[in-house]
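Peer 1: What follows is entry_23.tsv; its format and atoms are TSV, C-alpha atoms and all ligand atoms.
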chain	number	residue	atom	x	y	z
A	1	MET	CA	70.21	56.54	-122.57
A	2	PRO	CA	67.91	58.58	-120.30
A	3	PRO	CA	69.08	58.88	-116.67
A	4	ARG	CA	66.01	57.00	-115.35
A	5	MET	CA	66.84	54.03	-117.61
A	6	LEU	CA	70.42	54.01	-116.30
A	7	VAL	CA	69.21	53.92	-112.69
A	8	LEU	CA	66.83	51.09	-113.54
A	9	LEU	CA	69.52	49.08	-115.33
A	10	TRP	CA	71.94	49.63	-112.43
A	11	GLY	CA	69.28	48.47	-109.99
A	12	MET	CA	68.68	45.31	-112.04
A	13	LEU	CA	72.40	44.55	-112.14
A	14	MET	CA	72.65	44.94	-108.37
A	15	VAL	CA	69.70	42.62	-107.81
A	16	THR	CA	71.20	40.04	-110.17
A	17	ASN	CA	74.60	40.20	-108.43
A	18	SER	CA	73.23	39.95	-104.92
A	19	THR	CA	71.00	37.02	-105.89
A	20	SER	CA	73.97	35.24	-107.44
A	21	ALA	CA	76.12	35.78	-104.33
A	22	ALA	CA	73.39	34.46	-102.07
A	23	GLU	CA	72.87	31.31	-104.12
A	24	HIS	CA	76.56	30.50	-104.50
A	25	PRO	CA	78.27	31.80	-101.40
A	26	SER	CA	81.40	29.70	-101.77
A	27	THR	CA	82.08	29.98	-105.51
A	28	GLU	CA	83.82	33.34	-105.19
A	29	PRO	CA	87.07	33.06	-103.24
A	30	PRO	CA	87.09	35.76	-100.56
A	31	GLN	CA	89.66	38.47	-100.90
A	32	ASP	CA	92.79	38.08	-98.80
A	33	MET	CA	91.88	34.50	-97.88
A	34	VAL	CA	93.28	31.17	-99.06
A	35	LEU	CA	91.31	27.96	-99.44
A	36	VAL	CA	93.10	25.39	-97.31
A	37	PRO	CA	92.07	22.04	-98.82
A	38	ALA	CA	90.77	19.12	-96.78
A	39	GLY	CA	93.36	16.51	-95.85
A	40	SER	CA	95.13	14.70	-93.05
A	41	PHE	CA	98.40	15.46	-91.34
A	42	THR	CA	100.38	14.65	-88.23
A	43	PHE	CA	99.53	17.23	-85.56
A	44	GLY	CA	102.42	17.78	-83.20
A	45	ALA	CA	106.14	17.25	-83.13
A	46	GLY	CA	107.90	14.24	-84.63
A	47	PRO	CA	111.42	13.17	-85.70
A	48	LYS	CA	112.12	16.38	-87.67
A	49	GLU	CA	111.36	18.59	-84.69
A	50	ARG	CA	113.57	16.33	-82.55
A	51	GLN	CA	116.39	16.83	-85.07
A	52	LEU	CA	115.87	20.59	-84.90
A	53	LEU	CA	115.99	20.46	-81.10
A	54	ASN	CA	119.26	18.54	-81.17
A	55	ARG	CA	120.84	20.90	-83.69
A	56	VAL	CA	119.81	24.15	-81.96
A	57	ARG	CA	120.63	22.75	-78.54
A	58	LYS	CA	124.11	21.77	-79.74
A	59	GLU	CA	124.62	25.27	-81.15
A	60	LEU	CA	123.61	26.83	-77.84
A	61	LEU	CA	125.98	24.64	-75.85
A	62	GLU	CA	128.81	25.34	-78.29
A	63	GLY	CA	127.98	29.04	-77.93
A	64	ALA	CA	128.24	28.71	-74.16
A	65	ARG	CA	131.63	26.99	-74.49
A	66	ALA	CA	132.85	29.68	-76.89
A	67	ILE	CA	131.95	32.35	-74.32
A	68	LEU	CA	133.83	30.44	-71.64
A	69	ARG	CA	136.88	29.90	-73.86
A	70	SER	CA	137.04	33.62	-74.64
A	71	ALA	CA	137.22	34.52	-70.96
A	72	ASP	CA	140.43	34.46	-68.92
A	73	GLY	CA	140.73	31.64	-66.46
A	74	THR	CA	137.62	29.77	-67.58
A	75	THR	CA	139.28	27.40	-70.02
A	76	ASP	CA	139.09	24.54	-67.54
A	77	PHE	CA	135.33	24.02	-67.81
A	78	ALA	CA	135.00	24.87	-71.49
A	79	GLN	CA	135.36	21.17	-72.30
A	80	ALA	CA	133.08	19.93	-69.53
A	81	GLU	CA	130.25	17.61	-70.57
A	82	ASP	CA	127.79	18.67	-67.88
A	83	LEU	CA	127.87	22.41	-68.34
A	84	THR	CA	124.88	23.00	-66.06
A	85	THR	CA	126.61	21.60	-62.97
A	86	VAL	CA	130.05	22.98	-63.79
A	87	LEU	CA	128.68	26.46	-64.42
A	88	ALA	CA	126.59	26.44	-61.24
A	89	THR	CA	129.70	25.55	-59.23
A	90	ALA	CA	131.79	28.20	-60.94
A	91	ILE	CA	129.13	30.87	-60.48
A	92	LYS	CA	128.95	30.10	-56.76
A	93	GLN	CA	132.74	30.22	-56.41
A	94	VAL	CA	132.90	33.60	-58.14
A	95	ALA	CA	130.02	34.95	-56.05
A	96	ASP	CA	131.76	33.86	-52.83
A	97	ALA	CA	135.02	35.46	-53.98
A	98	ARG	CA	133.19	38.67	-54.85
A	99	SER	CA	131.64	38.72	-51.41
A	100	ARG	CA	135.08	38.36	-49.79
A	101	GLU	CA	136.79	40.96	-51.97
A	102	SER	CA	134.04	43.50	-51.51
A	103	LYS	CA	134.93	43.78	-47.82
A	104	PRO	CA	138.04	45.71	-46.77
A	105	HIS	CA	140.99	43.61	-45.64
A	106	PRO	CA	142.42	42.53	-43.35
A	107	ILE	CA	140.11	41.47	-40.55
A	108	PRO	CA	139.95	42.64	-37.78
A	109	PRO	CA	139.34	46.15	-39.07
A	110	ALA	CA	141.65	47.60	-36.39
A	111	VAL	CA	144.47	46.93	-38.88
A	112	SER	CA	143.72	49.17	-41.83
A	113	GLU	CA	144.21	48.24	-45.47
A	114	THR	CA	147.02	50.05	-47.27
A	115	ALA	CA	146.26	52.08	-50.39
A	116	GLU	CA	148.07	49.50	-52.52
A	117	GLU	CA	146.10	46.64	-50.96
A	118	THR	CA	142.85	48.50	-51.61
A	119	ALA	CA	143.78	49.10	-55.24
A	120	ASN	CA	144.72	45.45	-55.74
A	121	ARG	CA	141.55	44.25	-54.11
A	122	LYS	CA	139.42	46.51	-56.29
A	123	GLN	CA	141.25	45.21	-59.35
A	124	ARG	CA	140.53	41.61	-58.31
A	125	LEU	CA	136.91	42.54	-57.65
A	126	ALA	CA	136.56	44.08	-61.12
A	127	GLN	CA	137.96	40.90	-62.63
A	128	LEU	CA	135.49	38.80	-60.67
A	129	VAL	CA	132.60	40.98	-61.83
A	130	ALA	CA	133.73	40.51	-65.44
A	131	THR	CA	134.03	36.75	-64.95
A	132	SER	CA	130.61	36.67	-63.33
A	133	GLU	CA	129.05	38.37	-66.35
A	134	VAL	CA	130.71	35.91	-68.73
A	135	LEU	CA	129.47	32.98	-66.67
A	136	SER	CA	125.95	34.41	-66.65
A	137	GLN	CA	125.96	34.76	-70.44
A	138	ALA	CA	127.08	31.17	-70.84
A	139	GLN	CA	124.55	29.99	-68.28
A	140	ALA	CA	121.69	31.74	-70.15
A	141	LYS	CA	122.48	29.66	-73.22
A	142	VAL	CA	122.70	26.42	-71.24
A	143	VAL	CA	119.42	27.12	-69.42
A	144	LEU	CA	117.70	27.86	-72.75
A	145	ALA	CA	119.06	24.62	-74.23
A	146	GLU	CA	117.59	22.65	-71.33
A	147	LYS	CA	114.23	24.44	-71.47
A	148	MET	CA	113.90	23.55	-75.15
A	149	VAL	CA	113.78	19.87	-74.26
A	150	SER	CA	110.63	20.31	-72.16
A	151	TRP	CA	109.06	22.72	-74.66
A	152	LEU	CA	109.28	20.18	-77.45
A	153	ARG	CA	108.06	17.43	-75.18
A	154	ALA	CA	104.82	19.37	-74.76
A	155	GLU	CA	104.20	18.98	-78.50
A	156	GLU	CA	104.83	15.26	-78.68
A	157	PRO	CA	103.77	12.81	-79.87
A	158	GLY	CA	102.40	13.71	-83.27
A	159	VAL	CA	98.86	12.44	-83.85
A	160	VAL	CA	97.25	12.01	-87.29
A	161	GLN	CA	94.32	14.37	-87.72
A	162	GLN	CA	91.71	14.82	-90.46
A	163	VAL	CA	90.96	18.41	-91.41
A	164	GLU	CA	87.99	19.76	-93.37
A	165	ALA	CA	88.57	22.49	-95.96
A	166	PHE	CA	88.45	26.09	-94.69
A	167	TYR	CA	89.44	29.58	-95.72
A	168	MET	CA	92.27	31.25	-93.84
A	169	ASP	CA	93.44	34.87	-93.92
A	170	LYS	CA	96.55	35.18	-96.06
A	171	PHE	CA	97.83	37.81	-93.63
A	172	ALA	CA	97.53	38.47	-89.94
A	173	VAL	CA	94.92	41.10	-89.04
A	174	THR	CA	96.69	44.45	-89.31
A	175	ILE	CA	96.80	47.52	-87.09
A	176	GLY	CA	94.89	49.41	-89.79
A	177	GLN	CA	92.13	46.79	-89.95
A	178	TYR	CA	91.85	46.61	-86.18
A	179	LEU	CA	91.67	50.40	-85.94
A	180	GLU	CA	88.60	50.34	-88.20
A	181	PHE	CA	87.06	47.73	-85.92
A	182	CYS	CA	87.76	49.86	-82.85
A	183	LYS	CA	86.23	52.94	-84.42
A	184	ALA	CA	83.09	51.01	-85.35
A	185	THR	CA	82.64	49.08	-82.11
A	186	GLN	CA	84.03	51.27	-79.29
A	187	HIS	CA	86.80	48.75	-78.55
A	188	GLU	CA	90.11	50.25	-77.42
A	189	MET	CA	93.37	49.91	-79.29
A	190	PRO	CA	95.86	47.77	-77.29
A	191	PHE	CA	98.72	49.19	-75.24
A	192	PRO	CA	101.62	49.00	-77.73
A	193	TYR	CA	99.72	51.38	-79.98
A	194	LYS	CA	99.45	53.87	-77.12
A	195	SER	CA	103.05	53.29	-76.00
A	196	ALA	CA	104.31	53.98	-79.50
A	197	VAL	CA	102.67	57.40	-79.20
A	198	ALA	CA	103.89	58.07	-75.69
A	199	GLY	CA	107.46	56.76	-76.14
A	200	ALA	CA	109.59	54.04	-74.61
A	201	ALA	CA	109.28	55.31	-71.04
A	202	SER	CA	105.59	54.53	-71.08
A	203	ASN	CA	106.17	50.80	-70.99
A	204	LYS	CA	108.93	49.52	-68.75
A	205	ARG	CA	108.30	45.84	-69.41
A	206	PHE	CA	108.33	46.11	-73.19
A	207	PRO	CA	110.24	49.30	-74.00
A	208	GLU	CA	110.55	48.16	-77.63
A	209	VAL	CA	106.86	48.93	-78.20
A	210	ALA	CA	107.91	52.53	-78.81
A	211	ASP	CA	109.22	51.21	-82.13
A	212	PRO	CA	107.41	52.90	-85.06
A	213	SER	CA	106.26	49.50	-86.35
A	214	PHE	CA	103.61	49.48	-83.62
A	215	MET	CA	102.02	52.48	-85.36
A	216	ASP	CA	102.33	51.12	-88.91
A	217	PRO	CA	98.82	50.24	-90.18
A	218	LYS	CA	100.32	47.50	-92.36
A	219	CYS	CA	101.88	45.66	-89.42
A	220	PRO	CA	99.94	43.01	-87.50
A	221	ILE	CA	97.84	44.14	-84.56
A	222	THR	CA	99.23	42.67	-81.35
A	223	ALA	CA	98.64	42.64	-77.60
A	224	VAL	CA	94.93	42.00	-78.05
A	225	THR	CA	93.26	39.52	-75.74
A	226	GLN	CA	91.72	36.38	-77.16
A	227	LEU	CA	88.30	37.88	-76.41
A	228	GLU	CA	89.12	40.93	-78.53
A	229	ALA	CA	90.46	38.74	-81.33
A	230	LYS	CA	87.22	36.75	-81.27
A	231	ALA	CA	85.16	39.95	-81.27
A	232	TYR	CA	87.03	41.19	-84.35
A	233	ALA	CA	86.59	37.83	-86.08
A	234	ALA	CA	82.83	37.91	-85.44
A	235	TRP	CA	82.68	41.49	-86.73
A	236	VAL	CA	84.11	40.39	-90.11
A	237	GLY	CA	81.97	37.26	-90.25
A	238	LYS	CA	84.85	34.90	-89.46
A	239	ARG	CA	86.22	32.99	-86.48
A	240	LEU	CA	89.58	32.05	-84.93
A	241	PRO	CA	91.17	28.81	-86.17
A	242	THR	CA	91.54	25.77	-83.98
A	243	GLU	CA	95.10	24.75	-83.17
A	244	ILE	CA	94.79	21.82	-85.56
A	245	GLU	CA	93.59	24.05	-88.39
A	246	TRP	CA	96.37	26.53	-87.72
A	247	GLN	CA	99.13	23.93	-87.71
A	248	TYR	CA	97.74	22.17	-90.77
A	249	ALA	CA	97.63	25.50	-92.64
A	250	ALA	CA	101.15	26.38	-91.46
A	251	ARG	CA	102.51	23.14	-92.92
A	252	GLY	CA	101.31	24.33	-96.32
A	253	GLY	CA	100.80	20.80	-97.62
A	254	ARG	CA	104.41	19.89	-96.89
A	255	ASP	CA	106.23	17.99	-94.18
A	256	THR	CA	108.91	20.46	-93.22
A	257	VAL	CA	109.98	21.63	-89.82
A	258	PHE	CA	109.49	25.33	-90.65
A	259	PRO	CA	106.75	26.87	-92.83
A	260	TRP	CA	109.49	27.80	-95.32
A	261	GLY	CA	111.22	24.39	-95.42
A	262	ASP	CA	113.88	22.55	-93.47
A	263	GLU	CA	116.68	25.07	-93.98
A	264	PRO	CA	117.96	26.99	-90.93
A	265	TRP	CA	116.80	30.60	-90.53
A	266	ASP	CA	119.06	33.04	-92.36
A	267	GLY	CA	117.01	36.23	-92.01
A	268	THR	CA	115.23	35.95	-95.38
A	269	GLN	CA	112.41	33.52	-94.51
A	270	ALA	CA	110.71	35.15	-91.52
A	271	ASN	CA	110.82	38.04	-89.06
A	272	LEU	CA	112.36	36.57	-85.93
A	273	GLY	CA	114.41	38.01	-83.08
A	274	GLY	CA	117.75	39.01	-84.56
A	275	ALA	CA	120.52	41.56	-84.23
A	276	SER	CA	118.15	44.49	-84.94
A	277	LEU	CA	115.95	43.56	-81.98
A	278	VAL	CA	118.94	43.24	-79.65
A	279	LYS	CA	120.19	46.65	-80.77
A	280	LEU	CA	116.81	48.07	-79.71
A	281	ASN	CA	116.50	46.05	-76.51
A	282	PRO	CA	119.68	44.23	-75.32
A	283	LYS	CA	117.73	42.19	-72.77
A	284	TYR	CA	116.81	39.72	-75.51
A	285	SER	CA	120.43	38.93	-76.40
A	286	PRO	CA	121.01	35.93	-74.10
A	287	SER	CA	117.87	34.13	-75.25
A	288	LEU	CA	118.57	34.29	-78.97
A	289	SER	CA	120.58	31.33	-80.16
A	290	HIS	CA	121.16	32.43	-83.71
A	291	LEU	CA	122.72	35.87	-83.33
A	292	PRO	CA	124.17	37.76	-85.20
A	293	LYS	CA	121.74	36.67	-87.94
A	294	ASP	CA	119.14	39.29	-88.77
A	295	ASP	CA	116.14	40.15	-90.94
A	296	ARG	CA	116.46	43.95	-90.56
A	297	PHE	CA	113.18	44.29	-88.63
A	298	ALA	CA	113.69	45.13	-84.96
A	299	CYS	CA	110.05	44.54	-84.08
A	300	LEU	CA	106.97	44.05	-86.26
A	301	SER	CA	107.20	43.92	-90.05
A	302	PRO	CA	104.39	44.82	-92.45
A	303	VAL	CA	102.40	41.67	-93.25
A	304	GLY	CA	103.48	39.78	-96.34
A	305	ARG	CA	107.11	40.97	-96.42
A	306	PHE	CA	108.45	37.41	-96.33
A	307	PRO	CA	107.70	34.57	-98.78
A	308	PRO	CA	104.40	32.69	-98.28
A	309	ASN	CA	104.21	29.01	-97.38
A	310	GLY	CA	102.99	26.16	-99.62
A	311	PHE	CA	99.34	27.29	-99.32
A	312	GLY	CA	100.17	30.92	-100.08
A	313	ILE	CA	99.78	32.06	-96.45
A	314	TYR	CA	102.19	34.64	-95.03
A	315	ASP	CA	103.98	34.99	-91.69
A	316	MET	CA	103.11	31.55	-90.33
A	317	ALA	CA	106.51	31.84	-88.64
A	318	GLY	CA	107.74	35.07	-87.10
A	319	ASN	CA	106.34	38.60	-86.85
A	320	ALA	CA	103.43	37.81	-84.51
A	321	SER	CA	102.09	34.55	-83.13
A	322	ASN	CA	98.38	33.84	-83.61
A	323	TRP	CA	95.60	33.31	-81.09
A	324	CYS	CA	93.71	30.09	-81.73
A	325	ASP	CA	90.52	28.79	-80.17
A	326	GLY	CA	90.22	25.89	-77.74
A	327	ASN	CA	92.39	24.55	-74.98
A	328	PRO	CA	95.96	24.26	-76.25
A	329	TRP	CA	97.11	21.27	-74.35
A	330	PHE	CA	93.83	19.40	-74.43
A	331	MET	CA	94.19	17.52	-77.69
A	332	SER	CA	97.65	16.06	-77.46
A	333	TYR	CA	97.71	15.60	-73.72
A	334	LEU	CA	94.37	13.88	-73.66
A	335	LEU	CA	95.36	11.58	-76.50
A	336	VAL	CA	98.65	10.76	-74.83
A	337	LYS	CA	96.97	10.13	-71.51
A	338	LEU	CA	94.36	7.91	-73.11
A	339	ALA	CA	97.07	5.98	-74.88
A	340	GLY	CA	98.90	5.53	-71.58
A	341	GLU	CA	102.13	6.81	-73.03
A	342	LEU	CA	102.69	9.71	-70.68
A	343	PRO	CA	106.14	9.36	-69.13
A	344	LYS	CA	106.13	9.00	-65.32
A	345	ASP	CA	108.37	12.04	-64.88
A	346	PHE	CA	106.28	14.19	-67.19
A	347	VAL	CA	105.60	17.70	-65.92
A	348	GLU	CA	102.90	19.69	-67.64
A	349	PRO	CA	104.80	22.70	-68.97
A	350	ARG	CA	103.96	26.11	-67.61
A	351	ALA	CA	101.13	24.68	-65.49
A	352	LYS	CA	102.74	26.03	-62.32
A	353	ASP	CA	104.69	28.80	-63.94
A	354	PRO	CA	104.45	31.89	-61.73
A	355	TYR	CA	104.31	33.88	-64.95
A	356	PHE	CA	100.75	32.60	-65.29
A	357	GLY	CA	99.91	33.38	-61.70
A	358	GLY	CA	99.52	29.74	-60.76
A	359	HIS	CA	96.84	29.13	-63.34
A	360	THR	CA	96.38	25.65	-64.69
A	361	ILE	CA	96.72	24.43	-68.22
A	362	GLU	CA	92.96	24.05	-68.46
A	363	GLU	CA	92.55	27.78	-67.93
A	364	CYS	CA	94.90	28.68	-70.76
A	365	GLN	CA	94.13	29.36	-74.38
A	366	PRO	CA	96.36	28.52	-77.34
A	367	LEU	CA	98.77	30.61	-79.34
A	368	CYS	CA	100.48	29.15	-82.38
A	369	GLY	CA	103.42	30.36	-84.41
A	370	SER	CA	106.15	32.76	-83.38
A	371	GLY	CA	106.85	36.46	-83.11
A	372	TYR	CA	109.50	39.08	-83.73
A	373	LEU	CA	111.33	38.19	-80.52
A	374	ASN	CA	111.38	34.42	-80.99
A	375	THR	CA	114.26	32.18	-81.97
A	376	GLU	CA	114.70	29.87	-84.92
A	377	PHE	CA	113.68	26.98	-82.67
A	378	ASP	CA	110.35	28.70	-82.00
A	379	ALA	CA	109.74	29.09	-85.74
A	380	ARG	CA	108.94	25.38	-86.05
A	381	VAL	CA	105.44	24.66	-87.33
A	382	THR	CA	104.49	22.77	-84.17
A	383	HIS	CA	105.36	25.65	-81.83
A	384	ARG	CA	102.44	26.37	-79.54
A	385	TYR	CA	101.95	27.69	-76.08
A	386	GLY	CA	99.12	28.42	-73.73
A	387	THR	CA	98.31	31.59	-71.88
A	388	LEU	CA	95.31	33.20	-70.23
A	389	LEU	CA	92.84	34.54	-72.74
A	390	MET	CA	93.22	38.06	-71.34
A	391	HIS	CA	97.00	37.94	-71.65
A	392	GLY	CA	97.81	39.97	-74.75
A	393	GLU	CA	101.46	40.81	-75.42
A	394	PRO	CA	103.28	42.80	-78.09
A	395	GLU	CA	104.25	39.77	-80.19
A	396	ARG	CA	100.82	38.10	-80.04
A	397	GLY	CA	98.43	38.75	-82.90
A	398	PHE	CA	95.82	36.74	-84.77
A	399	ARG	CA	94.33	35.84	-88.13
A	400	CYS	CA	90.87	34.54	-88.96
A	401	VAL	CA	89.33	31.61	-90.80
A	402	ARG	CA	85.87	30.79	-92.04
A	403	ASN	CA	84.07	27.73	-93.32
A	404	PRO	CA	83.60	27.48	-97.11
A	405	THR	CA	79.86	27.07	-96.65
A	406	ASP	CA	79.49	30.36	-94.75
A	407	GLY	CA	77.90	33.07	-96.85
A	408	SER	CA	80.26	35.81	-95.77
A	409	THR	CA	82.49	37.26	-98.44
A	410	GLY	CA	85.16	37.62	-95.83
A	411	THR	CA	85.69	41.25	-96.68
A	412	ARG	CA	84.58	44.41	-95.04
A	501	CA	CA	113.39	40.64	-86.68
Could you take the file, read its structure, and then write that structure out as structure tokens?
Peer 2:
Amino acid sequence: MPPRMLVLLWGMLMVTNSTSAAEHPSTEPPQDMVLVPAGSFTFGAGPKERQLLNRVRKELLEGARAILRSADGTTDFAQAEDLTTVLATAIKQVADARSRESKPHPIPPAVSETAEETANRKQRLAQLVATSEVLSQAQAKVVLAEKMVSWLRAEEPGVVQQVEAFYMDKFAVTIGQYLEFCKATQHEMPFPYKSAVAGAASNKRFPEVADPSFMDPKCPITAVTQLEAKAYAAWVGKRLPTEIEWQYAARGGRDTVFPWGDEPWDGTQANLGGASLVKLNPKYSPSLSHLPKDDRFACLSPVGRFPPNGFGIYDMAGNASNWCDGNPWFMSYLLVKLAGELPKDFVEPRAKDPYFGGHTIEECQPLCGSGYLNTEFDARVTHRYGTLLMHGEPERGFRCVRNPTDGSTGTR
């Protein structure tokens, strides 16, 4: 065939294809997206999440008791029912004793302490320091157990919601994809990417961002603001999901407490905070209830390394949580308030948290899911929290959705 004929034929094929795509925009499933079918589901926490709370809370309290039992002289309060009060009392007693022992004896100082007395006092002081550390470890578990109660309360009660069909990204937006966006639009890569280049010393608050995973193009992009996530979504012809869409998609057409099922986390279902993370950054140890379980990823994992949920969507628990669009607390709180079921002692979580600089719930934007530093409890499908839209952190990423009727192919 002459070259000119080939060019002509190729041109005709291209015209035919583009016409077909324009007429039937939704017949071709977009690459890397899953069609989430229309349906209804209960948005928010219910009896299963309450069961999870009770189980994890019990484990934490047993963990606290085990720590106390293992320490000398603390056996007395290992069996106590109200660990919060008993621990607070014990911590104060130890602190007072430390204060006394840290000063030379006897008083008045005109009578000097003998060398033996000094040695004994220092030995007692060392013992008190050790006891104090043990008590603090136990207290961290008890405090976490109590916080969980209010966290779950912020997700209750479940409310039946209707959801229209939509396409959702199978995977979170990756570092590689976001880098392309930045090159094309003059946006800047977020700070973990720069810290990974510069080393751990460059970020005192999150030293773990020096981990090589923050440079792996296959890992999810994190620490972007909600504005940046929205800008990326618009660039690829998509949008951020609503909280309801996200949670419905995370359920995967099932009624389980985690995206993978009802079974406890064992390290194979999702990338959560485990022993590898603590090895990298010990500060996370007290807050993790399920140690020494592990998934072998200290920080981010490449997207799609863990099994997908019932809809074929990956990492709906663990790795990086996902920005959503719309006020996080609005839906459930408003419905609860309208129904008059809000308990009298209810405190809106995080509304006055200094971490948010005194900002109100109304100023916050939603994040759903969990990240590499979260616990099994946070891996529940209903897990959600609000933060300022400019507040990107290393475990916060995003994924996009689009409506089936939109003409975009969803690929770029
Ligand atoms: Ca992990």
Peer 1: Collect all residues with atoms no farther than 8 Å from ligand CA 501 (chain A), counting all atoms listed in the file, and output them as a list in words.
Peer 2: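 The residues within 8 Å of ligand CA 501 (chain A), counting all atoms listed in the file, are Gly267, Ala270, Asn271, Leu272, Gly273, Gly274, Ala275, Ser276, Leu277, Asp294, Asp295, Arg296, Phe297, Ala298, Cys299, Leu300, Ser301, Gly318, Asn319, Tyr372 and Leu373 of chain A.
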Peer 1: Fewer than 2 positions away in the same chain doesn't count, so skip those; otherwise give me all residues within 8 Å of Gly397 (chain A), counting only C-alpha atoms, as a VMD selection string.
Peer 2: chain A and resid 172 to 173 220 to 224 320 to 323 394 to 395 399
Peer 1: Taking all atoms listed in the file into account, name the residue in A:Ser213, A:Thr375, A:Asn309, A:Thr387 that is nearest to Arg57 (chain A).
Peer 2: A:Thr375
Peer 1: In Å, rounded to a single decimal, give me how far CA of Phe43 (chain A) is from CA of Gly386 (chain A).
Peer 2: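 For CA of Gly386 (chain A) relative to CA of Phe43 (chain A), the distance reads 16.3 Å.
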Peer 1: Just to confirm, what's the straight-line distance from CA of Val56 (chain A) to CA of Phe377 (chain A) in Å (one decimal)?
Peer 2: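 Those two atoms sit 6.8 Å apart.
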Peer 1: Extract, using all atoms listed in the file, all DNA, RNA and protein residues at most 8 Å from Ile175 (chain A), discarding same-chain residues fewer than 3 positions from it, and format them as a PyMOL selection string.
Peer 2: chain A and resi 178-179+214-222
Peer 1: May I have the protein, DNA and RNA residues with an atom at most 6 Å from (95.0, 39.0, -73.8), counting all atoms listed in the file in the file's coordinates, returned as number ranges by chain?
Peer 2: A: 224-226, 389-392
Peer 1: Please provide as a VMD selection string all residues within 8 Å of Glu156 (chain A), with the sequence filter that same-chain residues fewer than 3 positions apart are discarded (counting only C-alpha atoms).
Peer 2: chain A and resid 44 to 46 152 to 153 332
Peer 1: I'd like the contact shell of Gln139 (chain A) - 12 Å cut-off, all atoms listed in the file, skipping same-chain residues fewer than 4 positions apart - returned as a list of chain:residue names.
Peer 2: A:Leu60, A:Leu61, A:Glu62, A:Gly63, A:Ala64, A:Arg65, A:Ala66, A:Ile67, A:Leu68, A:Asp82, A:Leu83, A:Thr84, A:Thr85, A:Val86, A:Leu87, A:Ala88, A:Thr89, A:Ala90, A:Ile91, A:Ser132, A:Glu133, A:Val134, A:Leu135, A:Val143, A:Leu144, A:Ala145, A:Glu146, A:Pro286, A:Ser287
Peer 1: How many Å separate CA of Met189 (chain A) from CA of Glu228 (chain A)?
Peer 2: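 CA of Glu228 (chain A) lies at a distance of 10.0 Å from CA of Met189 (chain A).
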Peer 1: Select, from A:Glu101, A:Glu81, A:Glu376, A:Glu393, the residue with the minimum atom-to-atom distance to Asp266 (chain A), counting all atoms listed in the file.
Peer 2: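 Looking at the shortest contact to Asp266 (chain A), the residue is A:Glu376.
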Peer 1: Which residue is closest to Ala97 (chain A)? Choose from A:Val236, A:Leu128, A:Ala231, A:Ile313 and count all atoms listed in the file.
Peer 2: A:Leu128
Peer 1: Using all atoms listed in the file, can you list as a short mmCIF file (atom, residue, chain, number, x, y, z; two decimals) with C-alpha atoms, in the frame of the given file the residues within 10 Å of (107.7, 14.8, -92.4)?
Peer 2:
data_model
loop_
_atom_site.label_atom_id
_atom_site.label_comp_id
_atom_site.auth_asym_id
_atom_site.auth_seq_id
_atom_site.Cartn_x
_atom_site.Cartn_y
_atom_site.Cartn_z
CA PHE A 41 98.40 15.46 -91.34
CA THR A 42 100.38 14.65 -88.23
CA ALA A 45 106.14 17.25 -83.13
CA GLY A 46 107.90 14.24 -84.63
CA PRO A 47 111.42 13.17 -85.70
CA LYS A 48 112.12 16.38 -87.67
CA GLU A 49 111.36 18.59 -84.69
CA ARG A 251 102.51 23.14 -92.92
CA ARG A 254 104.41 19.89 -96.89
CA ASP A 255 106.23 17.99 -94.18
CA THR A 256 108.91 20.46 -93.22
CA VAL A 257 109.98 21.63 -89.82
CA ASP A 262 113.88 22.55 -93.47
#
Peer 1: Please return region 203-211 of chain A, rebuilt to N, CA and C atoms, as an mmCIF file, in the coordinates of the input.
Peer 2:
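Output below, filename out.cif:
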data_model
loop_
_atom_site.group_PDB
_atom_site.id
_atom_site.type_symbol
_atom_site.label_atom_id
_atom_site.label_comp_id
_atom_site.auth_asym_id
_atom_site.auth_seq_id
_atom_site.Cartn_x
_atom_site.Cartn_y
_atom_site.Cartn_z
ATOM 1 N N ASN A 203 106.340 52.224 -71.227
ATOM 2 C CA ASN A 203 106.170 50.800 -70.990
ATOM 3 C C ASN A 203 107.490 50.180 -70.574
ATOM 4 N N LYS A 204 107.638 49.991 -69.269
ATOM 5 C CA LYS A 204 108.930 49.520 -68.750
ATOM 6 C C LYS A 204 109.175 48.059 -69.108
ATOM 7 N N ARG A 205 108.122 47.261 -69.150
ATOM 8 C CA ARG A 205 108.300 45.840 -69.410
ATOM 9 C C ARG A 205 108.673 45.563 -70.865
ATOM 10 N N PHE A 206 108.051 46.294 -71.765
ATOM 11 C CA PHE A 206 108.330 46.110 -73.190
ATOM 12 C C PHE A 206 108.713 47.453 -73.809
ATOM 13 N N PRO A 207 109.898 47.972 -73.478
ATOM 14 C CA PRO A 207 110.240 49.300 -74.000
ATOM 15 C C PRO A 207 110.300 49.339 -75.530
ATOM 16 N N GLU A 208 110.448 48.155 -76.172
ATOM 17 C CA GLU A 208 110.550 48.160 -77.630
ATOM 18 C C GLU A 208 109.230 48.531 -78.321
ATOM 19 N N VAL A 209 108.119 48.587 -77.544
ATOM 20 C CA VAL A 209 106.860 48.930 -78.200
ATOM 21 C C VAL A 209 106.787 50.396 -78.616
ATOM 22 N N ALA A 210 107.832 51.172 -78.269
ATOM 23 C CA ALA A 210 107.910 52.530 -78.810
ATOM 24 C C ALA A 210 108.388 52.512 -80.255
ATOM 25 N N ASP A 211 108.770 51.336 -80.750
ATOM 26 C CA ASP A 211 109.220 51.210 -82.130
ATOM 27 C C ASP A 211 108.099 51.656 -83.084
#
